[in-house]
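Below is the file target.txt, which contains compact mmCIF, C-alpha atoms and all ligand atoms.
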```txt
# COMPACT_ATOMS: atom_id res chain seq x y z
CA MET A 56 -203.42 -89.11 -8.36
CA ILE A 57 -204.74 -85.56 -8.75
CA ASP A 58 -203.46 -83.56 -11.72
CA PHE A 59 -203.39 -80.13 -10.07
CA SER A 60 -202.67 -78.44 -13.42
CA ASN A 61 -206.18 -79.47 -14.51
CA PRO A 62 -208.81 -77.27 -12.81
CA ASN A 63 -211.45 -79.91 -13.66
CA ASP A 64 -209.52 -82.94 -12.49
CA PRO A 65 -212.15 -85.56 -11.53
CA ILE A 66 -210.19 -87.01 -8.60
CA LYS A 67 -209.77 -83.50 -7.20
CA ASN A 68 -213.52 -83.01 -7.53
CA ILE A 69 -214.16 -86.22 -5.59
CA ILE A 70 -212.03 -85.30 -2.60
CA ILE A 71 -211.26 -81.56 -2.34
CA PRO A 72 -213.99 -79.35 -0.85
CA ARG A 73 -215.82 -77.01 -3.20
CA VAL A 74 -217.50 -73.73 -2.30
CA GLU A 75 -220.81 -75.10 -3.69
CA GLU A 76 -221.03 -77.26 -0.57
CA LEU A 77 -222.20 -74.16 1.29
CA ASP A 78 -225.40 -74.17 -0.80
CA GLU A 79 -228.20 -74.96 1.64
CA THR A 80 -230.79 -76.17 -0.89
CA TYR A 81 -230.24 -79.62 0.58
CA ASN A 82 -230.15 -79.54 4.38
CA ASP A 83 -230.99 -83.09 5.48
CA LEU A 84 -228.08 -85.24 6.70
CA ASP A 85 -230.06 -88.48 6.27
CA PRO A 86 -232.46 -87.99 3.34
CA SER A 87 -232.99 -91.73 2.80
CA GLY A 88 -234.08 -92.04 6.45
CA GLU A 89 -231.49 -94.75 7.19
CA HIS A 90 -231.57 -93.92 10.89
CA ASN A 91 -235.31 -94.81 11.01
CA TYR A 92 -234.47 -98.41 10.09
CA MET A 93 -231.82 -98.81 12.81
CA VAL A 94 -233.21 -101.74 14.83
CA VAL A 95 -230.22 -102.24 17.13
CA PRO A 96 -227.08 -100.08 17.40
CA GLY A 97 -225.10 -100.34 14.15
CA LEU A 98 -227.69 -102.43 12.26
CA GLU A 99 -230.37 -101.28 9.81
CA HIS A 100 -233.15 -103.59 8.70
CA LYS A 101 -235.19 -101.99 5.90
CA TYR A 102 -235.84 -104.81 3.43
CA GLU A 103 -237.04 -108.12 4.89
CA ASP A 104 -234.22 -110.29 3.49
CA THR A 105 -231.36 -107.77 3.82
CA ALA A 106 -229.57 -106.22 6.79
CA LEU A 107 -227.03 -103.44 6.71
CA VAL A 108 -224.26 -103.17 9.31
CA LEU A 109 -222.55 -99.80 9.77
CA PHE A 110 -219.22 -101.28 10.74
CA ASN A 111 -217.29 -98.06 11.40
CA ASN A 112 -217.26 -94.31 10.94
CA VAL A 113 -213.97 -93.78 9.14
CA CYS A 114 -213.18 -93.91 5.46
CA GLY A 115 -210.08 -94.02 3.25
CA GLY A 116 -210.85 -90.49 2.13
CA TYR A 117 -213.96 -88.41 2.40
CA CYS A 118 -215.95 -88.14 -0.82
CA ARG A 119 -217.35 -84.63 -0.84
CA PHE A 120 -220.75 -85.95 -1.96
CA CYS A 121 -220.93 -88.68 0.70
CA PHE A 122 -224.52 -89.54 1.64
CA ARG A 123 -223.40 -90.93 5.02
CA LYS A 124 -221.45 -87.87 6.14
CA ARG A 125 -223.55 -87.89 9.31
CA LEU A 126 -221.43 -90.84 10.48
CA PHE A 127 -218.30 -88.70 10.41
CA LEU A 128 -219.74 -85.96 12.63
CA ASP A 129 -219.03 -85.73 16.36
CA ASP A 130 -222.58 -86.47 17.50
CA ASN A 131 -222.92 -89.62 15.36
CA ASP A 132 -224.46 -92.51 17.27
CA ASP A 133 -225.34 -94.70 14.27
CA THR A 134 -222.05 -96.59 14.51
CA ILE A 135 -220.68 -98.23 17.64
CA ASN A 136 -217.61 -100.32 18.42
CA ASP A 137 -219.44 -103.21 20.02
CA LEU A 138 -221.46 -105.03 17.35
CA SER A 139 -222.46 -107.98 19.55
CA GLU A 140 -226.12 -106.88 19.63
CA ALA A 141 -226.11 -106.63 15.84
CA LEU A 142 -224.72 -110.16 15.62
CA GLU A 143 -227.41 -111.49 17.97
CA TYR A 144 -230.12 -109.79 15.89
CA LEU A 145 -228.74 -111.36 12.69
CA LYS A 146 -228.68 -114.79 14.32
CA GLU A 147 -232.27 -114.49 15.55
CA HIS A 148 -233.81 -113.11 12.34
CA LYS A 149 -233.87 -116.04 9.98
CA GLU A 150 -235.66 -114.02 7.28
CA ILE A 151 -232.38 -112.14 6.69
CA LYS A 152 -230.68 -113.86 3.78
CA ASN A 153 -227.85 -111.45 3.13
CA CYS A 154 -225.94 -108.83 5.02
CA LEU A 155 -224.18 -105.74 3.71
CA VAL A 156 -221.27 -104.66 5.91
CA THR A 157 -220.41 -101.04 5.23
CA GLY A 158 -219.60 -97.78 7.01
CA GLY A 159 -217.41 -95.78 6.60
CA ASP A 160 -215.12 -98.35 5.08
CA PRO A 161 -214.73 -101.76 6.76
CA PHE A 162 -211.44 -102.40 4.92
CA ILE A 163 -209.78 -99.12 5.92
CA THR A 164 -206.88 -100.79 7.71
CA GLY A 165 -207.42 -104.39 6.65
CA SER A 166 -207.26 -105.21 10.36
CA LYS A 167 -208.36 -108.47 12.00
CA LYS A 168 -211.39 -106.65 13.41
CA ILE A 169 -213.22 -106.84 10.07
CA THR A 170 -212.22 -110.41 9.25
CA ASN A 171 -213.15 -111.54 12.79
CA PHE A 172 -216.57 -109.97 12.30
CA LEU A 173 -216.98 -111.58 8.85
CA GLU A 174 -215.90 -114.89 10.38
CA GLU A 175 -218.75 -114.59 12.93
CA LEU A 176 -221.22 -113.75 10.15
CA SER A 177 -220.04 -116.72 8.09
CA LYS A 178 -221.23 -119.02 10.92
CA ILE A 179 -224.85 -117.82 10.57
CA GLU A 180 -226.50 -120.54 8.52
CA HIS A 181 -229.43 -118.61 7.08
CA LEU A 182 -227.15 -115.97 5.53
CA GLN A 183 -226.56 -116.93 1.89
CA PHE A 184 -223.81 -114.40 1.22
CA ILE A 185 -222.15 -111.33 2.70
CA ARG A 186 -221.42 -108.08 0.87
CA ILE A 187 -218.79 -105.60 1.97
CA GLY A 188 -219.07 -101.99 0.78
CA SER A 189 -215.64 -100.45 0.30
CA LYS A 190 -213.86 -97.75 -1.69
CA MET A 191 -210.39 -98.97 -0.67
CA LEU A 192 -209.67 -100.35 -4.16
CA ALA A 193 -209.76 -96.71 -5.26
CA PHE A 194 -208.45 -94.96 -2.14
CA ASN A 195 -205.71 -97.40 -1.13
CA PRO A 196 -205.34 -100.68 -3.06
CA PHE A 197 -202.24 -101.49 -0.98
CA VAL A 198 -204.51 -102.57 1.84
CA PHE A 199 -205.16 -105.66 -0.33
CA LEU A 200 -201.66 -105.94 -1.83
CA GLU A 201 -199.74 -105.84 1.46
CA GLY A 202 -200.35 -107.91 4.59
CA ASP A 203 -202.59 -110.97 4.71
CA LEU A 204 -206.08 -109.44 4.37
CA VAL A 205 -206.85 -111.27 1.10
CA GLU A 206 -205.65 -114.60 2.55
CA ARG A 207 -207.93 -114.10 5.56
CA LEU A 208 -210.85 -113.23 3.24
CA ALA A 209 -210.14 -116.37 1.17
CA LYS A 210 -210.66 -118.58 4.23
CA ILE A 211 -214.00 -116.95 5.02
CA HIS A 212 -215.08 -117.04 1.35
CA GLN A 213 -214.69 -120.82 1.40
CA LYS A 214 -217.34 -120.99 4.11
CA LYS A 215 -219.68 -118.21 3.01
CA LYS A 216 -219.59 -116.34 -0.29
CA LEU A 217 -218.27 -112.79 0.02
CA LYS A 218 -218.89 -110.06 -2.51
CA ILE A 219 -217.20 -106.67 -2.59
CA MET A 220 -219.31 -103.65 -3.51
CA ALA A 221 -216.65 -101.28 -4.86
CA HIS A 222 -217.04 -97.57 -5.46
CA PHE A 223 -215.25 -96.25 -8.55
CA ASN A 224 -216.64 -92.93 -9.71
CA HIS A 225 -214.22 -92.29 -12.60
CA PRO A 226 -211.94 -94.46 -14.76
CA ASN A 227 -208.85 -92.53 -13.52
CA GLU A 228 -209.31 -94.29 -10.16
CA ILE A 229 -208.50 -97.64 -11.78
CA THR A 230 -204.71 -97.51 -11.59
CA LYS A 231 -202.11 -100.25 -12.14
CA ASP A 232 -202.03 -100.96 -8.39
CA THR A 233 -205.81 -101.09 -8.25
CA ILE A 234 -205.81 -103.63 -11.10
CA LYS A 235 -203.24 -105.77 -9.23
CA ALA A 236 -205.44 -105.69 -6.12
CA ILE A 237 -208.55 -106.59 -8.17
CA GLU A 238 -206.66 -109.53 -9.73
CA LYS A 239 -205.59 -110.75 -6.29
CA ILE A 240 -209.17 -110.64 -5.01
CA ARG A 241 -210.64 -112.23 -8.15
CA LYS A 242 -208.08 -115.04 -7.91
CA ILE A 243 -209.65 -116.21 -4.65
CA GLY A 244 -213.09 -116.13 -6.30
CA ILE A 245 -214.66 -113.05 -4.70
CA MET A 246 -216.86 -111.15 -7.15
CA ILE A 247 -216.52 -107.37 -7.25
CA TYR A 248 -219.42 -105.11 -8.21
CA ASN A 249 -219.28 -101.36 -8.77
CA GLN A 250 -221.76 -98.69 -7.80
CA THR A 251 -221.42 -94.96 -8.24
CA PRO A 252 -223.58 -91.89 -8.09
CA ILE A 253 -223.64 -89.61 -11.13
CA ILE A 254 -221.62 -86.65 -9.89
CA LYS A 255 -221.42 -83.20 -11.43
CA GLY A 256 -217.82 -82.49 -12.46
CA VAL A 257 -216.75 -86.12 -12.08
CA ASN A 258 -218.72 -88.45 -14.34
CA ASP A 259 -221.69 -86.45 -15.70
CA ASN A 260 -220.99 -87.04 -19.37
CA ALA A 261 -221.46 -89.99 -21.73
CA LYS A 262 -217.76 -90.28 -22.66
CA THR A 263 -216.70 -90.81 -19.02
CA ILE A 264 -219.52 -93.29 -18.41
CA VAL A 265 -218.49 -95.33 -21.49
CA GLU A 266 -214.84 -95.28 -20.32
CA LEU A 267 -215.77 -96.23 -16.77
CA ILE A 268 -218.00 -99.16 -17.79
CA SER A 269 -215.50 -100.41 -20.39
CA LYS A 270 -212.61 -100.23 -17.94
CA LEU A 271 -214.58 -102.01 -15.20
CA ILE A 272 -215.47 -104.85 -17.53
CA GLU A 273 -211.89 -105.05 -18.76
CA VAL A 274 -210.60 -105.54 -15.20
CA ASP A 275 -213.36 -108.00 -14.25
CA VAL A 276 -215.53 -105.77 -12.08
CA ILE A 277 -219.29 -105.90 -12.70
CA PRO A 278 -220.90 -102.46 -13.19
CA TYR A 279 -223.99 -102.68 -11.00
CA TYR A 280 -225.72 -99.44 -10.00
CA PHE A 281 -225.68 -95.82 -11.07
CA PHE A 282 -227.26 -93.80 -8.31
CA GLN A 283 -229.06 -90.51 -8.40
CA MET A 284 -227.19 -88.21 -5.99
CA ARG A 285 -229.04 -88.27 -2.66
CA PRO A 286 -230.21 -84.84 -1.47
CA THR A 287 -227.84 -84.90 1.52
CA ALA A 288 -226.76 -81.58 3.08
CA GLY A 289 -223.89 -80.07 1.07
CA ASN A 290 -224.54 -82.22 -2.02
CA TYR A 291 -226.66 -79.91 -4.18
CA GLY A 292 -223.65 -78.72 -6.21
CA TYR A 293 -222.76 -82.34 -7.00
CA SER A 294 -226.18 -83.46 -8.19
CA VAL A 295 -227.46 -83.61 -11.76
CA ALA A 296 -231.11 -83.39 -12.92
CA ILE A 297 -232.63 -86.84 -13.46
CA ASN A 298 -233.62 -86.04 -17.09
CA LYS A 299 -230.03 -85.05 -17.83
CA VAL A 300 -228.69 -88.28 -16.30
CA LEU A 301 -231.16 -90.31 -18.40
CA ASN A 302 -229.85 -88.55 -21.53
CA ILE A 303 -226.22 -89.18 -20.52
CA LEU A 304 -226.89 -92.88 -19.93
CA GLN A 305 -228.90 -93.23 -23.14
CA GLU A 306 -226.05 -91.69 -25.12
CA ALA A 307 -223.47 -93.85 -23.32
CA PHE A 308 -225.42 -97.08 -23.84
CA LYS A 309 -225.44 -96.47 -27.62
CA GLU A 310 -221.68 -96.97 -27.50
CA LEU A 311 -221.74 -100.17 -25.45
CA PRO A 312 -222.53 -103.80 -26.35
CA GLY A 313 -225.72 -105.30 -24.88
CA VAL A 314 -223.87 -107.34 -22.25
CA PHE A 315 -222.91 -104.11 -20.39
CA LYS A 316 -226.43 -102.75 -20.25
CA ASN A 317 -227.88 -104.56 -17.25
CA ILE A 318 -226.76 -101.69 -15.00
CA LYS A 319 -229.60 -100.02 -13.16
CA TYR A 320 -230.05 -96.29 -12.59
CA THR A 321 -231.73 -95.95 -9.21
CA MET A 322 -232.65 -93.61 -6.40
CA SER A 323 -232.25 -94.77 -2.79
CA HIS A 324 -235.45 -93.19 -1.58
CA VAL A 325 -236.80 -93.44 1.96
CA THR A 326 -239.57 -95.72 0.57
CA GLY A 327 -237.20 -98.05 -1.27
CA LYS A 328 -234.76 -98.44 -4.10
CA ILE A 329 -236.47 -96.90 -7.11
CA GLU A 330 -235.28 -97.64 -10.61
CA ILE A 331 -235.55 -94.66 -12.97
CA ILE A 332 -236.72 -96.14 -16.26
CA GLY A 333 -237.22 -93.20 -18.62
CA VAL A 334 -239.37 -90.36 -19.89
CA VAL A 335 -242.34 -90.80 -22.22
CA GLU A 336 -243.84 -87.52 -23.48
CA ASP A 337 -244.63 -85.52 -20.32
CA LYS A 338 -244.35 -88.45 -17.89
CA ILE A 339 -241.49 -90.16 -16.14
CA ILE A 340 -241.57 -93.88 -15.32
CA PHE A 341 -240.21 -95.36 -12.10
CA LYS A 342 -240.11 -98.88 -10.71
CA TYR A 343 -239.57 -100.09 -7.15
CA HIS A 344 -236.55 -102.35 -7.40
CA ARG A 345 -236.71 -102.90 -3.63
CA ALA A 346 -239.41 -101.46 -1.40
CA ALA A 347 -239.64 -100.95 2.34
CA LYS A 348 -243.32 -102.06 2.00
CA LYS A 349 -242.93 -105.53 0.52
CA GLU A 350 -246.13 -105.23 -1.56
CA ASP A 351 -244.62 -102.30 -3.50
CA THR A 352 -241.66 -104.35 -4.78
CA ASN A 353 -241.57 -104.32 -8.62
CA LYS A 354 -244.41 -101.77 -8.75
CA VAL A 355 -244.14 -99.51 -11.81
CA PHE A 356 -245.50 -95.98 -11.43
CA MET A 357 -245.57 -92.70 -13.29
CA ARG A 358 -245.21 -89.09 -12.27
CA LYS A 359 -245.49 -85.84 -14.22
CA ASN A 360 -242.06 -85.18 -15.72
CA ASN A 361 -240.03 -82.25 -14.46
CA PRO A 362 -236.93 -81.63 -16.60
CA THR A 363 -235.08 -80.07 -13.65
CA GLY A 364 -236.20 -82.58 -10.97
CA ARG A 365 -233.45 -84.24 -8.92
CA TRP A 366 -235.44 -86.34 -6.43
CA LEU A 367 -238.82 -88.12 -6.40
CA GLU A 368 -240.64 -85.36 -4.52
CA GLU A 369 -239.90 -82.93 -7.35
CA PHE A 370 -242.07 -84.98 -9.72
CA GLU A 371 -245.80 -84.33 -9.24
CA GLU A 372 -248.11 -87.28 -8.64
CA ILE A 373 -250.59 -87.92 -11.45
S1 LIG B 1 -216.47 -94.13 0.27
FE1 LIG B 1 -218.65 -94.06 0.68
S2 LIG B 1 -218.85 -93.82 2.92
FE2 LIG B 1 -216.72 -93.32 2.37
S3 LIG B 1 -216.73 -91.08 2.12
FE3 LIG B 1 -217.06 -92.00 0.08
S4 LIG B 1 -219.30 -92.08 -0.17
FE4 LIG B 1 -218.87 -91.78 2.03
```

Target encoding structure tokens, full file:
Amino acid sequence: MIDFSNPNDPIKNIIIPRVEELDETYNDLDPSGEHNYMVVPGLEHKYEDTALVLFNNVCGGYCRFCFRKRLFLDDNDDTINDLSEALEYLKEHKEIKNCLVTGGDPFITGSKKITNFLEELSKIEHLQFIRIGSKMLAFNPFVFLEGDLVERLAKIHQKKKLKIMAHFNHPNEITKDTIKAIEKIRKIGIMIYNQTPIIKGVNDNAKTIVELISKLIEVDVIPYYFFQMRPTAGNYGYSVAINKVLNILQEAFKELPGVFKNIKYTMSHVTGKIEIIGVVEDKIIFKYHRAAKKEDTNKVFMRKNNPTGRWLEEFEEI
């Protein structure tokens, strides 16, 4: 899919290493502190009603700006093959209402291992729905078009609602084959949501954002989150200042009808999922969309604006 005659090809920028990755401004492999919320091997429990299972440590390709690159390193111990302890934890903790199964990419091969695991989850009564985080619709839609993965998912979806959290960064990733795979999944009733970070050299302009949102809506995928790039080691060259992202989104939203504008721009901070609302004079407004401390959920707060700031700590407390 890469157009190698274009030095700025967005797909190339997603997947081919860039020299900027050697910049050591960011040096933390887990800046959102995911590991701190690992309650049993392979399972994170940060928000009371939500659990996150790190199903595997392989992906369809390796996004250069990946915030979970620690999973792909040799000394990773955040993912394990045997998820029986994670299953037991989910069964015992009735406050958990939904589970996000991610990785890596749980759909990398479309094997029975993932559907067997989802089947087990579907038996847990207190789970209302199950989300699966996957970029396979972009990396390899054939995993859904060939074999019987979608048929197996359909059977589980009848028992417990499944939702796919897709990861399209640029409209060029939505090819004819991807659209066929989306149609096949939508036909069995599974909703597909999209989340993407704003990435320098990939989607950091209003025109691309308008195209991406319009295309997603056209193919029946719900645009859900825009993320601020996490300050993960190697990612500095891919991140964009928060004020610049706000301007890009403001410009893009002028071009879009109201129905597309419920997308949230957020930062997955160690303290919670923080929505970035906007700048007023010399202040920037944030809101806890989800918070690790339950009492902070929905709390709106202000910090001194910093036009070059890329993460919460770069905005001074008032
Ligand atoms: S799809 Fe997600 S987990 Fe996989 S490499 Fe890309 S950002 Fe990382």

*Residue contacts of stretch 84-101 of chain A (10 Å, only C-alpha atoms) excluding same-chain residues fewer than 6 positions away, as a VMD selection string*: chain A and resid 107 to 111 121 to 126 132 to 145 151 154 to 156 158 285 to 290 322 to 328 345 to 348

Mind writing the picked residues with C-alpha atoms as a tab-separated table (two decimals), in the coordinates of the input?
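Everything below was put into again.tsv:
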```tsv
chain	number	residue	atom	x	y	z
A	107	LEU	CA	-227.03	-103.44	6.71
A	108	VAL	CA	-224.26	-103.17	9.31
A	109	LEU	CA	-222.55	-99.80	9.77
A	110	PHE	CA	-219.22	-101.28	10.74
A	111	ASN	CA	-217.29	-98.06	11.40
A	121	CYS	CA	-220.93	-88.68	0.70
A	122	PHE	CA	-224.52	-89.54	1.64
A	123	ARG	CA	-223.40	-90.93	5.02
A	124	LYS	CA	-221.45	-87.87	6.14
A	125	ARG	CA	-223.55	-87.89	9.31
A	126	LEU	CA	-221.43	-90.84	10.48
A	132	ASP	CA	-224.46	-92.51	17.27
A	133	ASP	CA	-225.34	-94.70	14.27
A	134	THR	CA	-222.05	-96.59	14.51
A	135	ILE	CA	-220.68	-98.23	17.64
A	136	ASN	CA	-217.61	-100.32	18.42
A	137	ASP	CA	-219.44	-103.21	20.02
A	138	LEU	CA	-221.46	-105.03	17.35
A	139	SER	CA	-222.46	-107.98	19.55
A	140	GLU	CA	-226.12	-106.88	19.63
A	141	ALA	CA	-226.11	-106.63	15.84
A	142	LEU	CA	-224.72	-110.16	15.62
A	143	GLU	CA	-227.41	-111.49	17.97
A	144	TYR	CA	-230.12	-109.79	15.89
A	145	LEU	CA	-228.74	-111.36	12.69
A	151	ILE	CA	-232.38	-112.14	6.69
A	154	CYS	CA	-225.94	-108.83	5.02
A	155	LEU	CA	-224.18	-105.74	3.71
A	156	VAL	CA	-221.27	-104.66	5.91
A	158	GLY	CA	-219.60	-97.78	7.01
A	285	ARG	CA	-229.04	-88.27	-2.66
A	286	PRO	CA	-230.21	-84.84	-1.47
A	287	THR	CA	-227.84	-84.90	1.52
A	288	ALA	CA	-226.76	-81.58	3.08
A	289	GLY	CA	-223.89	-80.07	1.07
A	290	ASN	CA	-224.54	-82.22	-2.02
A	322	MET	CA	-232.65	-93.61	-6.40
A	323	SER	CA	-232.25	-94.77	-2.79
A	324	HIS	CA	-235.45	-93.19	-1.58
A	325	VAL	CA	-236.80	-93.44	1.96
A	326	THR	CA	-239.57	-95.72	0.57
A	327	GLY	CA	-237.20	-98.05	-1.27
A	328	LYS	CA	-234.76	-98.44	-4.10
A	345	ARG	CA	-236.71	-102.90	-3.63
A	346	ALA	CA	-239.41	-101.46	-1.40
A	347	ALA	CA	-239.64	-100.95	2.34
A	348	LYS	CA	-243.32	-102.06	2.00
```

*What do you get as a PyMOL selection string if you pick all residues at most 10 Å from ligand LIG 1 (chain B), counting all atoms listed in the file?*
chain A and resi 69-70+109+111-127+157-161+163+188-191+193-194+221-224+251-252

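Atom CA of A:Met357 to atom CA of A:Glu336 spans 11.6 Å [interatomic distance, one decimal].
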
_Given all atoms listed in the file as the counted atoms, nearest of A:Ile277, A:Ile264, A:Ile71, A:Met284 to A:Ile303_ =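 Ranking A:Ile277, A:Ile264, A:Ile71, A:Met284 by distance to A:Ile303, first place goes to A:Ile264.
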
*Could you jot down the atom CA of A:Asn61 to atom CA of A:Thr230 separation for me, Å, one decimal place?*
18.3 Å

_Minimum-distance residue to A:Thr352, chosen among A:Glu206, A:Leu182, A:Pro278, A:Glu330 (using only C-alpha atoms)_ = A:Glu330

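With all atoms listed in the file as the basis for measurement, A:Thr170 is the residue among A:Ile179, A:Asn195, A:Phe162, A:Thr170 that approaches A:Ala209 most closely.
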
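With distances restricted to only C-alpha atoms, A:Phe308 is the closest residue to A:Glu266 from A:Tyr293, A:Tyr279, A:Phe308, A:Tyr248.
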
*Can you pull out every residue within 6 Å of A:Arg358, counting all atoms listed in the file, but drop anything in the same chain fewer than 4 positions away, and send it as a PyMOL selection string?*
chain A and resi 338-339+370-373

*Interatomic distance between atom CA of A:Asn360 and atom CA of A:Val265?*
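Atom CA of A:Val265 lies 26.3 Å from atom CA of A:Asn360.
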
*Close residues, A:Lys299 itself excluded, 12 Å, all atoms listed in the file, min 3 positions apart in chain, as an MDAnalysis selection string*: chainID A and resid 253:255 259:261 283 294:296 302:306 333:334 361:365

*Check the smallest atom-to-atom distance from each of A:Ile219, A:His225, A:Gln213, A:Phe282 to A:Asn258 using all atoms listed in the file, then report the winner.*
A:His225

*Taking into account all atoms listed in the file, which residue in the set A:Ser166, A:Asn153, A:Asn249, A:Thr263 is nearest to A:Gly202?*
A:Ser166
